[in-house]
$ cat query04.cif   # mmCIF, C-alpha atoms
data_final
loop_
_atom_site.label_atom_id
_atom_site.label_comp_id
_atom_site.auth_asym_id
_atom_site.auth_seq_id
_atom_site.Cartn_x
_atom_site.Cartn_y
_atom_site.Cartn_z
CA GLY A 1 -62.83 28.77 59.12
CA ILE A 2 -64.24 30.37 62.20
CA GLN A 3 -67.66 32.02 61.92
CA VAL A 4 -68.17 35.52 63.28
CA GLU A 5 -71.69 36.89 63.62
CA GLN A 6 -72.60 40.42 64.59
CA SER A 7 -75.90 41.85 65.68
CA PRO A 8 -77.83 43.90 64.99
CA PRO A 9 -76.92 44.42 61.32
CA ASP A 10 -78.29 47.94 61.33
CA LEU A 11 -78.93 50.42 64.11
CA ILE A 12 -80.29 53.95 64.06
CA LEU A 13 -79.91 56.05 67.20
CA GLN A 14 -80.84 59.49 68.31
CA GLU A 15 -77.85 61.50 69.43
CA GLY A 16 -77.25 60.93 73.13
CA ALA A 17 -78.66 57.40 73.21
CA ASN A 18 -76.75 54.32 74.37
CA SER A 19 -76.28 51.07 72.46
CA THR A 20 -74.84 47.58 72.73
CA LEU A 21 -73.37 45.73 69.78
CA ARG A 22 -72.77 42.00 69.96
CA CYS A 23 -70.24 39.68 68.38
CA ASN A 24 -70.56 35.89 68.56
CA PHE A 25 -67.83 33.57 67.35
CA SER A 26 -67.96 29.86 66.69
CA ASP A 27 -64.68 28.65 68.16
CA SER A 28 -62.00 29.47 70.68
CA VAL A 29 -59.97 32.53 69.77
CA ASN A 30 -56.73 34.06 70.94
CA ASN A 31 -57.42 37.60 69.91
CA LEU A 32 -60.43 39.79 69.30
CA GLN A 33 -60.48 43.35 68.02
CA TRP A 34 -63.24 45.89 67.54
CA PHE A 35 -62.94 48.36 64.67
CA HIS A 36 -64.90 51.37 63.53
CA GLN A 37 -64.98 52.02 59.80
CA ASN A 38 -65.84 55.65 59.18
CA PRO A 39 -67.77 56.84 56.11
CA TRP A 40 -64.47 57.42 54.29
CA GLY A 41 -63.42 53.79 54.65
CA GLN A 42 -60.79 54.15 57.37
CA LEU A 43 -60.76 51.21 59.78
CA ILE A 44 -59.94 52.49 63.24
CA ASN A 45 -58.86 50.14 65.97
CA LEU A 46 -61.10 50.59 69.02
CA PHE A 47 -60.11 47.72 71.28
CA TYR A 48 -57.77 44.78 71.34
CA ILE A 49 -59.66 42.62 73.81
CA PRO A 50 -59.13 38.84 73.84
CA SER A 51 -60.80 38.71 77.26
CA GLY A 52 -62.04 40.93 80.06
CA THR A 53 -63.32 44.49 79.96
CA LYS A 54 -61.77 47.70 78.68
CA GLN A 55 -62.99 51.25 78.56
CA ASN A 56 -61.99 54.21 76.44
CA GLY A 57 -64.06 57.31 76.99
CA ARG A 58 -67.65 56.70 75.93
CA LEU A 59 -66.80 53.26 74.57
CA SER A 60 -66.25 50.07 76.45
CA ALA A 61 -65.94 46.42 75.47
CA THR A 62 -66.27 43.09 77.19
CA THR A 63 -65.17 39.73 75.88
CA VAL A 64 -66.23 36.48 77.52
CA ALA A 65 -63.98 34.06 75.69
CA THR A 66 -65.35 30.96 77.41
CA GLU A 67 -68.85 31.78 76.15
CA ARG A 68 -67.60 32.97 72.74
CA TYR A 69 -68.98 36.46 72.61
CA SER A 70 -67.96 40.07 72.90
CA LEU A 71 -69.98 43.24 73.48
CA LEU A 72 -69.25 46.80 72.48
CA TYR A 73 -71.02 49.53 74.45
CA ILE A 74 -71.45 53.03 73.11
CA SER A 75 -72.78 55.58 75.54
CA SER A 76 -74.05 59.09 74.82
CA SER A 77 -73.74 58.50 71.08
CA GLN A 78 -72.61 61.31 68.79
CA THR A 79 -73.01 61.83 65.06
CA THR A 80 -69.29 61.11 64.66
CA ASP A 81 -69.98 57.55 65.86
CA THR A 82 -71.73 56.89 62.54
CA GLY A 83 -70.14 54.11 60.52
CA VAL A 84 -69.76 50.37 60.52
CA TYR A 85 -68.47 48.51 63.55
CA PHE A 86 -66.61 45.27 62.95
CA CYS A 87 -65.36 42.67 65.31
CA ALA A 88 -62.56 40.44 64.12
CA VAL A 89 -61.11 37.33 65.68
CA TRP A 90 -57.79 35.61 65.15
CA GLU A 91 -57.82 31.90 64.63
CA GLY A 92 -54.53 30.16 65.25
CA GLY A 93 -54.97 27.57 62.55
CA ALA A 94 -55.55 30.10 59.81
CA ASN A 95 -53.16 32.69 61.27
CA ASN A 96 -55.20 35.68 60.21
CA LEU A 97 -58.16 37.76 61.35
CA PHE A 98 -61.70 36.77 60.44
CA PHE A 99 -64.10 39.69 60.28
CA GLY A 100 -67.77 39.73 61.09
CA THR A 101 -70.26 41.28 58.68
CA GLY A 102 -70.48 44.41 60.78
CA THR A 103 -73.13 46.57 62.44
CA ARG A 104 -74.01 49.71 60.51
CA LEU A 105 -74.69 52.49 63.02
CA THR A 106 -76.32 55.78 62.09
CA VAL A 107 -76.58 58.48 64.72
CA ILE A 108 -79.02 61.24 63.88
CA PRO A 109 -78.97 64.67 65.52
CA LYS B 1 -45.71 58.61 64.93
CA ALA B 2 -47.02 58.20 61.40
CA GLY B 3 -49.73 55.63 60.79
CA VAL B 4 -50.04 53.10 58.02
CA THR B 5 -49.82 54.85 54.68
CA GLN B 6 -51.39 53.49 51.53
CA THR B 7 -50.96 54.88 48.05
CA PRO B 8 -52.69 55.73 45.86
CA ARG B 9 -56.04 56.45 47.54
CA TYR B 10 -58.05 55.96 44.35
CA LEU B 11 -57.42 54.10 41.12
CA ILE B 12 -59.42 53.47 37.98
CA LYS B 13 -58.20 50.69 35.71
CA THR B 14 -59.48 48.86 32.66
CA ARG B 15 -60.19 45.14 32.52
CA GLY B 16 -57.08 43.17 31.62
CA GLN B 17 -54.64 45.72 33.00
CA GLN B 18 -52.50 45.19 36.06
CA VAL B 19 -52.16 47.35 39.15
CA THR B 20 -49.69 47.79 41.99
CA LEU B 21 -50.68 49.14 45.39
CA SER B 22 -48.26 50.32 48.05
CA CYS B 23 -48.31 50.19 51.83
CA SER B 24 -45.87 51.70 54.32
CA PRO B 25 -46.36 50.27 57.83
CA ILE B 26 -45.92 52.04 61.11
CA SER B 27 -42.26 52.46 61.92
CA GLY B 28 -41.02 49.38 63.72
CA HIS B 29 -43.86 47.16 62.54
CA ARG B 30 -42.59 44.14 60.67
CA SER B 31 -45.82 42.37 59.77
CA VAL B 32 -47.93 43.69 56.90
CA SER B 33 -51.24 42.16 55.86
CA TRP B 34 -53.60 42.92 53.00
CA TYR B 35 -57.38 42.67 52.95
CA GLN B 36 -59.98 43.10 50.23
CA GLN B 37 -63.32 44.64 51.13
CA THR B 38 -66.35 44.35 48.85
CA PRO B 39 -70.06 44.87 49.60
CA GLY B 40 -70.82 41.25 48.79
CA GLN B 41 -67.95 39.42 50.49
CA GLY B 42 -67.02 41.81 53.27
CA LEU B 43 -63.44 41.89 54.51
CA GLN B 44 -61.34 39.02 53.24
CA PHE B 45 -57.73 38.23 54.00
CA LEU B 46 -55.31 38.27 51.06
CA PHE B 47 -51.85 37.63 52.51
CA GLU B 48 -49.40 38.55 55.23
CA TYR B 49 -45.70 39.34 55.02
CA PHE B 50 -43.13 39.30 57.79
CA SER B 51 -39.44 40.04 57.31
CA GLU B 52 -39.82 39.95 53.51
CA THR B 53 -41.40 36.49 53.55
CA GLN B 54 -45.00 35.60 52.85
CA ARG B 55 -46.10 34.01 56.08
CA ASN B 56 -49.74 33.39 55.33
CA LYS B 57 -52.05 33.47 52.32
CA GLY B 58 -55.81 33.67 51.88
CA ASN B 59 -57.98 32.01 49.30
CA PHE B 60 -57.42 34.24 46.27
CA PRO B 61 -56.29 33.34 42.75
CA GLY B 62 -52.67 33.61 41.68
CA ARG B 63 -53.41 36.93 39.94
CA PHE B 64 -53.07 38.47 43.39
CA SER B 65 -49.49 38.66 44.59
CA GLY B 66 -47.41 40.71 46.94
CA ARG B 67 -44.00 41.34 48.32
CA GLN B 68 -42.27 43.05 51.20
CA PHE B 69 -39.06 45.02 51.12
CA SER B 70 -36.28 45.18 53.69
CA ASN B 71 -37.73 48.40 55.15
CA SER B 72 -41.05 46.53 55.72
CA ARG B 73 -42.88 48.45 53.02
CA SER B 74 -45.14 46.18 51.03
CA GLU B 75 -46.70 46.14 47.60
CA MET B 76 -49.51 44.06 46.22
CA ASN B 77 -50.08 43.43 42.56
CA VAL B 78 -53.18 42.32 40.72
CA SER B 79 -52.71 41.16 37.15
CA THR B 80 -55.31 40.72 34.40
CA LEU B 81 -57.87 42.80 36.26
CA GLU B 82 -61.50 41.70 36.30
CA LEU B 83 -64.59 43.75 37.09
CA GLY B 84 -64.97 41.77 40.31
CA ASP B 85 -61.63 43.06 41.56
CA SER B 86 -63.23 46.44 42.17
CA ALA B 87 -62.90 46.86 45.91
CA LEU B 88 -61.36 48.72 48.79
CA TYR B 89 -57.92 47.25 49.47
CA LEU B 90 -56.75 47.69 53.03
CA CYS B 91 -53.31 47.22 54.42
CA ALA B 92 -52.64 46.60 58.09
CA SER B 93 -49.46 46.43 60.09
CA SER B 94 -48.52 44.80 63.35
CA ILE B 95 -45.38 44.80 65.45
CA ARG B 96 -44.85 41.08 65.14
CA ASP B 97 -47.98 38.97 65.05
CA VAL B 98 -51.63 39.82 65.05
CA ALA B 99 -52.46 37.24 67.68
CA ASN B 100 -50.63 39.13 70.41
CA TYR B 101 -50.45 42.72 69.18
CA GLY B 102 -53.42 43.40 66.92
CA TYR B 103 -53.59 45.41 63.74
CA THR B 104 -53.49 49.05 62.70
CA PHE B 105 -55.07 49.72 59.32
CA GLY B 106 -54.32 52.25 56.63
CA SER B 107 -56.95 54.36 54.87
CA GLY B 108 -57.15 51.98 51.94
CA THR B 109 -56.91 52.15 48.18
CA ARG B 110 -60.22 52.16 46.34
CA LEU B 111 -59.80 50.35 43.04
CA THR B 112 -62.42 50.59 40.32
CA VAL B 113 -62.13 48.31 37.30
CA VAL B 114 -64.11 49.38 34.23
#

$ encode --input "query04.cif" --output "structure tokens"
Amino acid sequence: GIQVEQSPPDLILQEGANSTLRCNFSDSVNNLQWFHQNPWGQLINLFYIPSGTKQNGRLSATTVATERYSLLYISSSQTTDTGVYFCAVWEGGANNLFFGTGTRLTVIP
Amino acid sequence: KAGVTQTPRYLIKTRGQQVTLSCSPISGHRSVSWYQQTPGQGLQFLFEYFSETQRNKGNFPGRFSGRQFSNSRSEMNVSTLELGDSALYLCASSIRDVANYGYTFGSGTRLTVV
């Protein structure tokens, strides 16, 4: 199946700092989503972004499908941003989402 | 509108028992998928149902099964539980297909096998 790699694996930020999370994938994809898993386990959909750039408040994402990567930007981080961020890609052959291993973000006050 | 609802939130079972988990998708969503999340293996796809038919299946043993009802609600069943089945089980729904519409996840059921 398709390989999905995320970096960095762990990230600790001071509240108010900015960060960039990266997702590389090994093959062409039709769909890419970013999720935030909060400390209680809930996976929250942040972006559905097979290509291009989207913004939602302090978060934005860019996917460059031709170069097989996506970036998630978090600006002015808050303690509520703490959790694990996953990117997931849909591969047509397998017909399901493949998840990366995640970036564990901790925002300290 | 209501999100994806999973019940129960927590379960403790003994090895060898069986368990049934339930998932109610967002109203109007016809595709329901199940994922297993463990610290060692991460998020792994179990299966997907659409209009009461299993449309896709991951690489899990036959002890893991599921079904979908006419109202799109889905259940998954694990028989002969093993310690390694301890995990967070997540259900996700989509309007039609994940490729074009993406997923919305429920809060999960945390299963502990002792």

$ interface_residues --input "query04.cif" --of "chain A" --to "chain B" --cutoff "9 Å" --atoms "all atoms listed in the file" --output "MDAnalysis selection string"
chainID A and resid 30:33 40:45 48 89:92 94:102

$ atom_distance --input "query04.cif" --atom1 "CA of Ile95 in chain B" --atom2 "CA of Val32 in chain B"
9.0 Å

$ resolve_selection --input "query04.cif" --expression "the PyMOL selection byres ((chain A and resi 81-87) around 9)" --output "VMD selection string"
chain A and resid 4 to 6 10 21 to 23 32 to 39 41 43 70 74 77 to 80 88 to 89 98 to 108

$ atom_distance --input "query04.cif" --atom1 "CA of Glu82 in chain B" --atom2 "CA of Thr7 in chain B"
20.6 Å

$ residues_around --input "query04.cif" --residues "Val114 in chain B" --least-positions-apart "2" --cutoff "7 Å" --atoms "only C-alpha atoms" --output "ChimeraX atom specification"
/B:13-15,83,112

$ atom_distance --input "query04.cif" --atom1 "CA of Thr5 in chain B" --atom2 "CA of Gly84 in chain B"
24.6 Å

$ resolve_selection --input "query04.cif" --expression "the PyMOL selection byres ((chain A and resi 51-68) around 7)" --output "PDB file with C-alpha atoms, keeping the file's coordinate frame"
ATOM      1  CA  ASN A  24     -70.560  35.890  68.560  1.00  0.00           C
ATOM      2  CA  PHE A  25     -67.830  33.570  67.350  1.00  0.00           C
ATOM      3  CA  SER A  26     -67.960  29.860  66.690  1.00  0.00           C
ATOM      4  CA  ASP A  27     -64.680  28.650  68.160  1.00  0.00           C
ATOM      5  CA  SER A  28     -62.000  29.470  70.680  1.00  0.00           C
ATOM      6  CA  ILE A  49     -59.660  42.620  73.810  1.00  0.00           C
ATOM      7  CA  PRO A  50     -59.130  38.840  73.840  1.00  0.00           C
ATOM      8  CA  TYR A  69     -68.980  36.460  72.610  1.00  0.00           C
ATOM      9  CA  SER A  70     -67.960  40.070  72.900  1.00  0.00           C
ATOM     10  CA  LEU A  71     -69.980  43.240  73.480  1.00  0.00           C
ATOM     11  CA  LEU A  72     -69.250  46.800  72.480  1.00  0.00           C
ATOM     12  CA  TYR A  73     -71.020  49.530  74.450  1.00  0.00           C
ATOM     13  CA  ILE A  74     -71.450  53.030  73.110  1.00  0.00           C
ATOM     14  CA  SER A  75     -72.780  55.580  75.540  1.00  0.00           C
ATOM     15  CA  SER A  76     -74.050  59.090  74.820  1.00  0.00           C
TER      16      SER A  76
END

$ residues_around --input "query04.cif" --residues "Tyr49 in chain B" --least-positions-apart "4" --cutoff "10 Å" --atoms "all atoms listed in the file" --output "PDB file with C-alpha atoms, in the frame of the given file"
ATOM      1  CA  ARG B  30     -42.590  44.140  60.670  1.00  0.00           C
ATOM      2  CA  SER B  31     -45.820  42.370  59.770  1.00  0.00           C
ATOM      3  CA  VAL B  32     -47.930  43.690  56.900  1.00  0.00           C
ATOM      4  CA  SER B  33     -51.240  42.160  55.860  1.00  0.00           C
ATOM      5  CA  TRP B  34     -53.600  42.920  53.000  1.00  0.00           C
ATOM      6  CA  THR B  53     -41.400  36.490  53.550  1.00  0.00           C
ATOM      7  CA  GLN B  54     -45.000  35.600  52.850  1.00  0.00           C
ATOM      8  CA  ARG B  55     -46.100  34.010  56.080  1.00  0.00           C
ATOM      9  CA  ASN B  56     -49.740  33.390  55.330  1.00  0.00           C
ATOM     10  CA  LYS B  57     -52.050  33.470  52.320  1.00  0.00           C
ATOM     11  CA  GLY B  66     -47.410  40.710  46.940  1.00  0.00           C
ATOM     12  CA  ARG B  67     -44.000  41.340  48.320  1.00  0.00           C
ATOM     13  CA  GLN B  68     -42.270  43.050  51.200  1.00  0.00           C
ATOM     14  CA  PHE B  69     -39.060  45.020  51.120  1.00  0.00           C
ATOM     15  CA  SER B  72     -41.050  46.530  55.720  1.00  0.00           C
ATOM     16  CA  ARG B  73     -42.880  48.450  53.020  1.00  0.00           C
ATOM     17  CA  SER B  74     -45.140  46.180  51.030  1.00  0.00           C
ATOM     18  CA  SER B  93     -49.460  46.430  60.090  1.00  0.00           C
TER      19      SER B  93
END

$ closest_residue --input "query04.cif" --among "B:Phe60, B:Ser65, B:Leu81, B:Gln36" --to "Gln18 in chain B" --atoms "only C-alpha atoms"
B:Leu81

$ closest_residue --input "query04.cif" --among "B:Phe64, B:Asn59, B:Ser94, B:Glu75" --to "Pro8 in chain B" --atoms "all atoms listed in the file"
B:Glu75

$ build_atoms --input "query04.cif" --residues "range 77-103 of chain A" --atoms "N, CA, C and O atoms" --output "compact mmCIF listing (two decimals), keeping the file's coordinate frame"
# COMPACT_ATOMS: atom_id res chain seq x y z
N SER A 77 -74.20 58.53 72.48
CA SER A 77 -73.74 58.50 71.08
C SER A 77 -73.71 59.89 70.44
O SER A 77 -74.51 60.77 70.79
N GLN A 78 -72.78 60.06 69.53
CA GLN A 78 -72.61 61.31 68.79
C GLN A 78 -72.65 61.01 67.30
O GLN A 78 -72.41 59.87 66.88
N THR A 79 -72.91 62.04 66.50
CA THR A 79 -73.01 61.83 65.06
C THR A 79 -71.70 61.29 64.48
O THR A 79 -71.69 60.57 63.49
N THR A 80 -70.59 61.61 65.13
CA THR A 80 -69.29 61.11 64.66
C THR A 80 -69.11 59.62 64.90
O THR A 80 -68.16 59.01 64.41
N ASP A 81 -70.03 59.00 65.66
CA ASP A 81 -69.98 57.55 65.86
C ASP A 81 -70.54 56.80 64.65
O ASP A 81 -70.44 55.57 64.57
N THR A 82 -71.16 57.51 63.74
CA THR A 82 -71.73 56.89 62.54
C THR A 82 -70.67 56.12 61.78
O THR A 82 -69.52 56.55 61.66
N GLY A 83 -71.07 54.95 61.27
CA GLY A 83 -70.14 54.11 60.52
C GLY A 83 -70.48 52.65 60.73
O GLY A 83 -71.55 52.33 61.23
N VAL A 84 -69.57 51.81 60.35
CA VAL A 84 -69.76 50.37 60.52
C VAL A 84 -68.78 49.86 61.56
O VAL A 84 -67.59 50.19 61.51
N TYR A 85 -69.30 49.07 62.49
CA TYR A 85 -68.47 48.51 63.55
C TYR A 85 -68.25 47.03 63.26
O TYR A 85 -69.20 46.27 63.07
N PHE A 86 -66.99 46.66 63.22
CA PHE A 86 -66.61 45.27 62.95
C PHE A 86 -65.93 44.67 64.17
O PHE A 86 -65.13 45.34 64.83
N CYS A 87 -66.24 43.42 64.43
CA CYS A 87 -65.36 42.67 65.31
C CYS A 87 -64.60 41.67 64.45
O CYS A 87 -65.09 41.24 63.40
N ALA A 88 -63.40 41.36 64.87
CA ALA A 88 -62.56 40.44 64.12
C ALA A 88 -61.83 39.56 65.12
O ALA A 88 -61.36 40.03 66.15
N VAL A 89 -61.75 38.27 64.78
CA VAL A 89 -61.11 37.33 65.68
C VAL A 89 -59.96 36.64 64.96
O VAL A 89 -60.01 36.42 63.74
N TRP A 90 -58.95 36.31 65.71
CA TRP A 90 -57.79 35.61 65.15
C TRP A 90 -57.88 34.14 65.48
O TRP A 90 -58.06 33.76 66.64
N GLU A 91 -57.79 33.34 64.43
CA GLU A 91 -57.82 31.90 64.63
C GLU A 91 -56.42 31.36 64.38
O GLU A 91 -55.83 31.59 63.32
N GLY A 92 -55.91 30.64 65.34
CA GLY A 92 -54.53 30.16 65.25
C GLY A 92 -54.24 29.31 64.04
O GLY A 92 -53.20 29.43 63.41
N GLY A 93 -55.19 28.46 63.68
CA GLY A 93 -54.97 27.57 62.55
C GLY A 93 -54.80 28.32 61.24
O GLY A 93 -53.94 27.98 60.43
N ALA A 94 -55.60 29.33 61.05
CA ALA A 94 -55.55 30.10 59.81
C ALA A 94 -54.53 31.23 59.88
O ALA A 94 -54.10 31.75 58.87
N ASN A 95 -54.16 31.63 61.07
CA ASN A 95 -53.16 32.69 61.27
C ASN A 95 -53.53 34.01 60.61
O ASN A 95 -52.70 34.68 60.02
N ASN A 96 -54.80 34.36 60.65
CA ASN A 96 -55.20 35.68 60.21
C ASN A 96 -56.51 36.05 60.90
O ASN A 96 -57.11 35.22 61.58
N LEU A 97 -56.93 37.30 60.72
CA LEU A 97 -58.16 37.76 61.35
C LEU A 97 -59.37 37.44 60.48
O LEU A 97 -59.33 37.63 59.26
N PHE A 98 -60.42 36.96 61.11
CA PHE A 98 -61.70 36.77 60.44
C PHE A 98 -62.63 37.88 60.92
O PHE A 98 -62.83 38.04 62.13
N PHE A 99 -63.22 38.58 59.96
CA PHE A 99 -64.10 39.69 60.28
C PHE A 99 -65.56 39.27 60.27
O PHE A 99 -65.98 38.45 59.43
N GLY A 100 -66.33 39.87 61.17
CA GLY A 100 -67.77 39.73 61.09
C GLY A 100 -68.32 40.59 59.96
O GLY A 100 -67.58 41.33 59.30
N THR A 101 -69.62 40.52 59.77
CA THR A 101 -70.26 41.28 58.68
C THR A 101 -70.57 42.72 59.09
O THR A 101 -70.98 43.51 58.27
N GLY A 102 -70.37 43.03 60.35
CA GLY A 102 -70.48 44.41 60.78
C GLY A 102 -71.86 44.83 61.24
O GLY A 102 -72.88 44.21 60.91
N THR A 103 -71.89 45.89 62.04
CA THR A 103 -73.13 46.57 62.44
C THR A 103 -73.03 47.99 61.91
O THR A 103 -72.10 48.72 62.25
